[in-house]
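Enquirer: My structure is below; once you've seen it, I'll send some questions.
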Amino acid sequence: MSFILGVLTTLLILFMFGRLRLKSGRPIIERAINKRLSSGPYIVAVGGGTGLSTLLRGIKAFTRNITAVVAVTDEGGSSGRLRNEWGMLPPGDVRNCIVALAENDNELRKILDFRFDRGELAGHSLGNLLLLAVTEMCGDFSLAVEQMNHLLSIRGRVLPVTTEGITLVGKTREGLNVKGELNISEHGHELAEIWLEPVNAKPLPEVLSAVDEADVILLGPGSLFTSVIPNLLLPDFADKLRDSQVPKIYICNLMTQPDETAGMNIVQHIDWVTAALGCAPDFVIANSEEIPPDIVEAYKRDGASPLYLDHHQRDLISKMGCIYVEAPIMSVFESEKEGRVLRHDSQKLASVIFRLIRKIDE
């Protein structure tokens, strides 16, 4: 592993000195695009996992003034192994968000998502190992992430919510204590409360500063208990978000998640976000598009069900002081590993968000 990290470090140095660059050959068009994007609203997007990277891929077409605040409680896969073996914060979600904000995310994703399939590196992605190498060079995970932000010239920046080692802890309605993201995910629908250990972990100062500069704060989409809420469980960050006068928009998931949110409706998702944040979001965006029956059936077999608003939920959301927006924001994608999968459509979702921002500004 140390030899591999040495090779990766050399590659990074070559990148930093500009010896490996991708050039599009369209400087005039690029300058015009950059000028337009630079005048866009300042957005703080809070979450983790696939949901946040999907969101970022869409909103980067409207503004480059983006700060993605990423949860660091991941314990699974390559991220979990690097966390256990090297003591670094889990890099997977951070890597995905950096790639999502890159100018040419498709090509970069192919490279950084490359996963080794044998030897001691089996299961690790190249992007995770690059973040490990830069962390070893810098001696600090947050500095490594900043280096990657600059290195890849992304539209915006990605920040871990904290650099402290934090663990998700919860208690079920039956009084069972559950610890760690994987256990929380399995028992999410049974939870009565959730918190972080240590309870007073501090967010990065840059994260707090980003909220001060924000025009809009986006929460989600993403796993409720393991992507969105972990960020809100840092008291100083929750206080900063709650006290901010800018609009807070919660983006609902398309489906419940097996075990984690099984049987929960959209209002129950919002209730948990409100409890962690200390106030209800100002706006809620939910999908209105009919999910194909074969997709519903396939997800049902895994224990997931569609999330839509009904008349009763709309009334409850209005009583919270929230404004709900229902729009077609989903797409079905073909995956080599999973077949037909349901995801938020980056472009549709971004269009809904920026139409809403324009209405708020009127």
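The way I read the labels, and the way they are meant: chains A, B, ... in the order of the structure tokens, residue 1 as the first residue of every chain, and ligand 1 as the first ligand shown, with later ones counted on from there.
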When DSSP is applied to the backbone of this structure, which of region 27-249 of chain A are assigned alpha helix (DSSP H)? Write them out as a ChimeraX atom specification.
Expert: /A:27-38,49-59,77-86,92-100,105-112,126-138,141-151,181-187,205-213,229-232,235-243
Enquirer: Set the distance at 12 Å and use only C-alpha atoms: which residues neighbour Arg355 (chain A) once local chain neighbours fewer than 3 positions away are removed? I'd like the list as an NGL selection string.
Expert: :A and (59 or 62 or 285 or 325 or 327 or 348-352 or 358-362)
Enquirer: Can you write just those residues out, C-alpha atoms, as a CSV table (one decimal), in the first residue's frame?
Expert:
chain,number,residue,atom,x,y,z
A,59,ILE,CA,-26.9,23.0,-9.9
A,62,PHE,CA,-26.5,27.5,-12.9
A,285,ILE,CA,-39.6,19.9,-2.9
A,325,VAL,CA,-43.5,22.3,-4.3
A,327,ALA,CA,-42.7,18.7,-9.6
A,348,LYS,CA,-34.9,18.6,-13.7
A,349,LEU,CA,-34.2,19.1,-10.0
A,350,ALA,CA,-31.9,22.0,-10.6
A,351,SER,CA,-34.4,23.7,-12.8
A,352,VAL,CA,-37.1,23.4,-10.1
A,358,ARG,CA,-36.2,33.3,-8.8
A,359,LYS,CA,-39.7,33.4,-7.4
A,360,ILE,CA,-38.3,34.0,-3.9
A,361,ASP,CA,-36.2,36.9,-5.2
A,362,GLU,CA,-39.2,38.6,-7.0
Enquirer: Residues within 12 Å of region 202-211 of chain A, please, as a VMD selection string. Count only C-alpha atoms; anything in the same chain fewer than 6 positions from it doesn't count.
Expert: chain A and resid 42 to 46 65 to 72 141 to 143 146 156 to 166 196 217 to 218 230 to 248
Enquirer: Using only C-alpha atoms, can you tell me which of A:Ile111, A:Leu89, A:Ala122, A:Leu101 comes closest to Ala144 (chain A)?
Expert: A:Leu89
Enquirer: For Glu290 (chain A), work out the shell of residues within 10 Å, counting only C-alpha atoms and skipping chain neighbours fewer than 4 positions away, then give it as a list in words.
Expert: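 In the requested form, the answer reads Val296, Pro306, Tyr308, Pro328 and Met330 of chain A.
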